[in-house]
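Next comes my_file_34.cif, with mmCIF, C-alpha atoms.
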```cif
data_start
loop_
_atom_site.label_atom_id
_atom_site.label_comp_id
_atom_site.auth_asym_id
_atom_site.auth_seq_id
_atom_site.Cartn_x
_atom_site.Cartn_y
_atom_site.Cartn_z
CA MET A 1 0.00 0.00 0.00
CA THR A 2 1.23 3.46 -0.85
CA VAL A 3 -0.30 6.84 -0.08
CA GLU A 4 0.78 9.91 -2.01
CA THR A 5 -0.47 13.37 -1.06
CA ILE A 6 -0.53 16.61 -3.01
CA ARG A 7 -1.98 19.72 -1.39
CA LYS A 8 -3.51 22.46 -3.50
CA ALA A 9 -5.18 25.75 -2.67
CA ASP A 10 -8.46 24.79 -4.32
CA ASN A 11 -11.79 23.27 -3.36
CA GLY A 12 -11.17 19.84 -4.85
CA CYS A 13 -11.80 20.81 -8.46
CA SER A 14 -8.42 19.74 -9.92
CA GLU A 15 -8.77 16.74 -12.20
CA ASN A 16 -5.41 14.94 -12.37
CA VAL A 17 -3.01 16.41 -9.81
CA HIS A 18 -1.03 13.16 -9.56
CA ASP A 19 -0.35 13.17 -13.34
CA LEU A 20 -1.77 9.69 -13.83
CA ARG A 21 -1.57 7.99 -17.21
CA LYS A 22 -4.76 7.12 -19.16
CA GLN A 23 -4.80 3.54 -17.89
CA GLN A 24 -4.40 4.69 -14.28
CA LEU A 25 -7.10 7.35 -14.71
CA ALA A 26 -9.51 4.74 -16.04
CA ALA A 27 -8.87 2.48 -13.03
CA ARG A 28 -8.99 5.11 -10.28
CA GLN A 29 -11.99 5.67 -8.08
CA VAL A 30 -12.45 9.26 -6.92
CA GLU A 31 -13.93 9.76 -3.48
CA ILE A 32 -14.72 13.15 -2.02
CA ILE A 33 -14.17 13.23 1.73
CA ASP A 34 -15.98 16.17 3.29
CA ILE A 35 -14.61 16.96 6.75
CA ALA A 36 -17.89 18.64 7.72
CA SER A 37 -19.99 15.57 6.96
CA ALA A 38 -21.56 13.51 9.71
CA VAL A 39 -20.53 10.21 8.10
CA SER A 40 -20.15 7.41 10.59
CA ASP A 41 -19.50 3.79 9.76
CA TYR A 42 -17.69 0.79 11.21
CA TRP A 43 -14.26 2.18 10.35
CA SER A 44 -15.09 5.56 11.87
CA TYR A 45 -15.83 3.71 15.08
CA ILE A 46 -12.51 1.80 14.90
CA VAL A 47 -10.39 4.86 14.01
CA GLY A 48 -12.18 7.06 16.52
CA ARG A 49 -14.48 9.97 16.10
CA SER A 50 -14.03 13.47 17.43
CA THR A 51 -17.00 15.07 19.09
CA GLU A 52 -16.48 18.44 17.42
CA ASP A 53 -19.35 19.44 15.13
CA LEU A 54 -17.67 21.55 12.44
CA SER A 55 -20.99 23.18 11.53
CA ASN A 56 -20.84 24.79 15.00
CA PHE A 57 -17.07 25.32 15.24
CA LYS A 58 -15.44 28.69 14.63
CA SER A 59 -11.74 29.28 15.23
CA ALA A 60 -11.07 32.02 17.77
CA ARG A 61 -7.62 32.75 16.32
CA THR A 62 -8.43 32.75 12.60
CA GLY A 63 -12.18 33.31 12.41
CA ARG A 64 -12.48 30.27 10.12
CA GLY A 65 -15.62 28.18 10.34
CA LEU A 66 -18.64 27.43 10.52
CA LEU A 67 -18.53 24.65 7.92
CA LEU A 68 -22.13 24.68 6.71
CA ASN A 69 -23.61 23.06 3.57
CA GLY A 70 -21.67 24.23 0.52
CA TRP A 71 -18.73 25.43 2.64
CA LYS A 72 -16.18 24.22 0.06
CA ASP A 73 -17.49 26.72 -2.49
CA HIS A 74 -17.58 29.71 -0.11
CA CYS A 75 -14.58 29.41 2.23
CA SER A 76 -11.33 31.26 1.73
CA PRO A 77 -8.57 30.31 2.17
CA ILE A 78 -9.17 26.65 1.39
CA MET A 79 -6.91 23.69 0.76
CA THR A 80 -7.53 20.22 -0.62
CA ALA A 81 -5.32 17.26 0.22
CA TYR A 82 -5.41 15.03 -2.86
CA LYS A 83 -4.60 11.48 -1.73
CA LEU A 84 -3.62 8.75 -4.13
CA VAL A 85 -3.93 5.42 -2.35
CA THR A 86 -2.63 2.38 -4.17
CA ILE A 87 -3.33 -1.02 -2.66
CA ASP A 88 -2.36 -4.33 -4.19
CA VAL A 89 -2.98 -7.58 -2.35
CA PRO A 90 -1.97 -10.24 -4.88
CA TYR A 91 -3.77 -13.16 -3.22
CA TRP A 92 -6.50 -14.82 -5.21
CA GLY A 93 -9.77 -15.24 -3.38
CA PHE A 94 -9.49 -12.70 -0.60
CA GLY A 95 -7.16 -10.03 -2.02
CA GLY A 96 -10.01 -7.88 -3.35
CA LYS A 97 -11.90 -7.99 -0.05
CA LEU A 98 -8.76 -7.10 1.89
CA GLU A 99 -8.08 -4.20 -0.49
CA GLN A 100 -11.63 -2.91 0.09
CA ALA A 101 -11.26 -3.16 3.87
CA LEU A 102 -7.90 -1.36 3.80
CA MET A 103 -9.35 1.39 1.61
CA ALA A 104 -12.33 1.86 3.95
CA GLY A 105 -9.94 2.12 6.90
CA GLU A 106 -7.80 4.70 5.08
CA ARG A 107 -10.90 6.71 4.19
CA ALA A 108 -11.96 6.83 7.87
CA LEU A 109 -8.41 7.72 8.94
CA PHE A 110 -8.20 10.57 6.40
CA LEU A 111 -11.60 11.89 7.41
CA GLU A 112 -10.82 11.89 11.12
CA SER A 113 -7.28 13.28 10.86
CA HIS A 114 -8.30 16.12 8.55
CA ARG A 115 -11.33 16.88 10.72
CA ASN A 116 -9.03 17.11 13.73
CA CYS A 117 -6.54 19.25 11.84
CA PHE A 118 -9.28 21.82 11.27
CA SER A 119 -10.88 21.63 14.71
CA TRP A 120 -7.49 21.97 16.44
CA ILE A 121 -6.47 24.99 14.34
CA ASP A 122 -6.27 27.30 17.37
CA GLU A 123 -3.57 25.04 18.84
CA TRP A 124 -1.26 25.04 15.81
CA PHE A 125 -2.05 28.18 13.80
CA GLY A 126 0.90 30.56 13.84
CA LEU A 127 3.51 27.99 14.90
CA MET A 128 6.78 28.14 13.02
CA THR A 129 7.72 25.13 10.89
CA GLU A 130 10.49 24.02 13.24
CA MET A 131 8.12 24.17 16.22
CA MET A 132 5.63 21.95 14.36
CA ARG A 133 8.36 19.51 13.37
CA GLU A 134 9.47 19.29 17.01
CA LEU A 135 5.89 18.49 18.07
CA GLU A 136 5.76 15.79 15.36
CA ARG A 137 9.04 14.29 16.58
CA GLU A 138 7.87 14.28 20.20
CA SER A 139 4.59 12.69 19.25
CA ASP A 140 6.33 10.08 17.10
CA TYR A 141 8.76 9.28 19.90
CA SER A 142 6.00 9.02 22.49
CA LEU A 143 3.81 6.78 20.33
CA ASN A 144 6.67 4.48 19.35
CA ASN A 145 7.75 4.33 22.98
CA LYS A 146 4.24 3.23 24.01
CA LEU A 147 4.17 0.64 21.24
CA GLY A 148 7.62 -0.63 22.22
CA GLN A 149 9.06 0.18 18.81
CA PRO A 150 12.14 2.20 17.92
CA CYS A 151 11.51 5.37 15.98
CA SER A 152 11.35 4.79 12.25
CA THR A 153 14.56 6.33 10.94
CA GLU A 154 16.37 8.11 13.73
CA ARG A 155 16.34 7.55 17.39
CA SER A 156 18.86 10.17 18.42
CA TRP A 157 16.81 13.28 17.72
CA ILE A 158 15.03 13.32 21.08
CA THR A 159 15.32 11.59 24.42
CA PRO A 160 12.63 11.20 27.10
CA GLU A 161 14.45 13.80 29.20
CA GLU A 162 14.36 16.33 26.34
CA SER A 163 10.72 15.70 25.51
CA SER A 164 8.26 18.27 26.77
CA LEU A 165 5.69 15.47 26.57
CA GLY A 166 7.34 13.77 29.53
CA GLY A 167 8.71 10.56 28.03
CA GLU A 168 6.80 7.35 28.69
CA GLU A 169 4.11 8.91 30.88
CA SER A 170 2.92 11.16 28.04
CA MET A 171 -0.10 10.57 25.88
CA ALA A 172 0.34 10.59 22.10
#
```

Render the structure in this file as structure tokens.
Amino acid sequence: MTVETIRKADNGCSENVHDLRKQQLAARQVEIIDIASAVSDYWSYIVGRSTEDLSNFKSARTGRGLLLNGWKDHCSPIMTAYKLVTIDVPYWGFGGKLEQALMAGERALFLESHRNCFSWIDEWFGLMTEMMRELERESDYSLNNKLGQPCSTERSWITPEESSLGGEESMA
């Protein structure tokens, strides 16, 4: 499975941002994921669901929000994260079903993470890039620590003592 992301300052109207060939375009399935929707399914339950209703949320720091019907055509600034998910399970008999389940899980994960990104805007808006990267590193370290796994590529960038999240006692 691979996930490629391209972000554009548009409302989802770009046709082929990943520069797919004709054969790939014919095989792709486009799904619009609206962060303001109230969609809830099995995978939303598994991934988790924030309690923030984006139709009632307005950022105190930016003034962005309420995300009402048709918000994508009226909000400014706006950004779309174009995700290209490629899944290939080459096992006859159950490969297609596994691909469908993985895709449904990814859809729920994208929906929830992008919903949270918007609803938590007052916490991150205005942070400098290096400050955001440090928060990502701390979060990565804390999560991997809880899972008992070493950090993916580097382990030396932060120690529990340096972490403002408090090492093992922190919540990711």

(message) Going by the chain IDs and residue numbers used in this file, which residues fall under the PyMOL selection byres ((chain A and resi 110-123) around 8)? Write them as a PyMOL selection string.
(response) chain A and resi 33-36+44+47-50+52+54+57+59-62+106-109+124-125

Using C-alpha atoms, can you export the residues from the last selection as a PDB file, in the frame of the given file?
```
ATOM      1  CA  ILE A  33     -14.170  13.230   1.730  1.00  0.00           C
ATOM      2  CA  ASP A  34     -15.980  16.170   3.290  1.00  0.00           C
ATOM      3  CA  ILE A  35     -14.610  16.960   6.750  1.00  0.00           C
ATOM      4  CA  ALA A  36     -17.890  18.640   7.720  1.00  0.00           C
ATOM      5  CA  SER A  44     -15.090   5.560  11.870  1.00  0.00           C
ATOM      6  CA  VAL A  47     -10.390   4.860  14.010  1.00  0.00           C
ATOM      7  CA  GLY A  48     -12.180   7.060  16.520  1.00  0.00           C
ATOM      8  CA  ARG A  49     -14.480   9.970  16.100  1.00  0.00           C
ATOM      9  CA  SER A  50     -14.030  13.470  17.430  1.00  0.00           C
ATOM     10  CA  GLU A  52     -16.480  18.440  17.420  1.00  0.00           C
ATOM     11  CA  LEU A  54     -17.670  21.550  12.440  1.00  0.00           C
ATOM     12  CA  PHE A  57     -17.070  25.320  15.240  1.00  0.00           C
ATOM     13  CA  SER A  59     -11.740  29.280  15.230  1.00  0.00           C
ATOM     14  CA  ALA A  60     -11.070  32.020  17.770  1.00  0.00           C
ATOM     15  CA  ARG A  61      -7.620  32.750  16.320  1.00  0.00           C
ATOM     16  CA  THR A  62      -8.430  32.750  12.600  1.00  0.00           C
ATOM     17  CA  GLU A 106      -7.800   4.700   5.080  1.00  0.00           C
ATOM     18  CA  ARG A 107     -10.900   6.710   4.190  1.00  0.00           C
ATOM     19  CA  ALA A 108     -11.960   6.830   7.870  1.00  0.00           C
ATOM     20  CA  LEU A 109      -8.410   7.720   8.940  1.00  0.00           C
ATOM     21  CA  TRP A 124      -1.260  25.040  15.810  1.00  0.00           C
ATOM     22  CA  PHE A 125      -2.050  28.180  13.800  1.00  0.00           C
TER      23      PHE A 125
END
```

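When atom CA of A:Val85 is paired with atom CA of A:Val3, their separation reads 4.5 Å.
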
Students should find that atom CA of A:Gln100 and atom CA of A:Glu31 are spaced 13.4 Å

I'd like the interatomic distance between atom CA of A:Thr5 and atom CA of A:Ile32, to a tenth of an Å.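 One can read the atom CA of A:Thr5 to atom CA of A:Ile32 distance as 14.3 Å.
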
Could you check which of A:Glu134, A:Gly63, A:Asp19, A:Leu102 is closest to A:Cys75, using all atoms listed in the file?
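Smallest distance to A:Cys75 is found for A:Gly63.
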
message: Could you list, as a PyMOL selection string, every residue within 8 Å of A:Ile87, counting all atoms listed in the file and ignoring same-chain residues fewer than 3 positions away?
response: chain A and resi 1-2+99+102-103

Item to complete: For the structure shown, which residues end up in the PyMOL selection byres ((chain A and resi 72) around 12)? Put them as an NGL selection string, please?
Response: :A and (9-13 or 32-37 or 65-71 or 73-80)

- For the file shown, report as a list in words the outcome of the PyMOL selection byres ((chain A and resi 30) around 10) at residue level. Glu15, Leu25, Ala27, Arg28, Gln29, Glu31, Ile32, Ile33, Tyr82, Lys83 and Leu84 of chain A

Of A:Leu147, A:Lys97, A:Met132, A:Ala104, the one nearest to A:Ser40 when counting only C-alpha atoms is A:Ala104
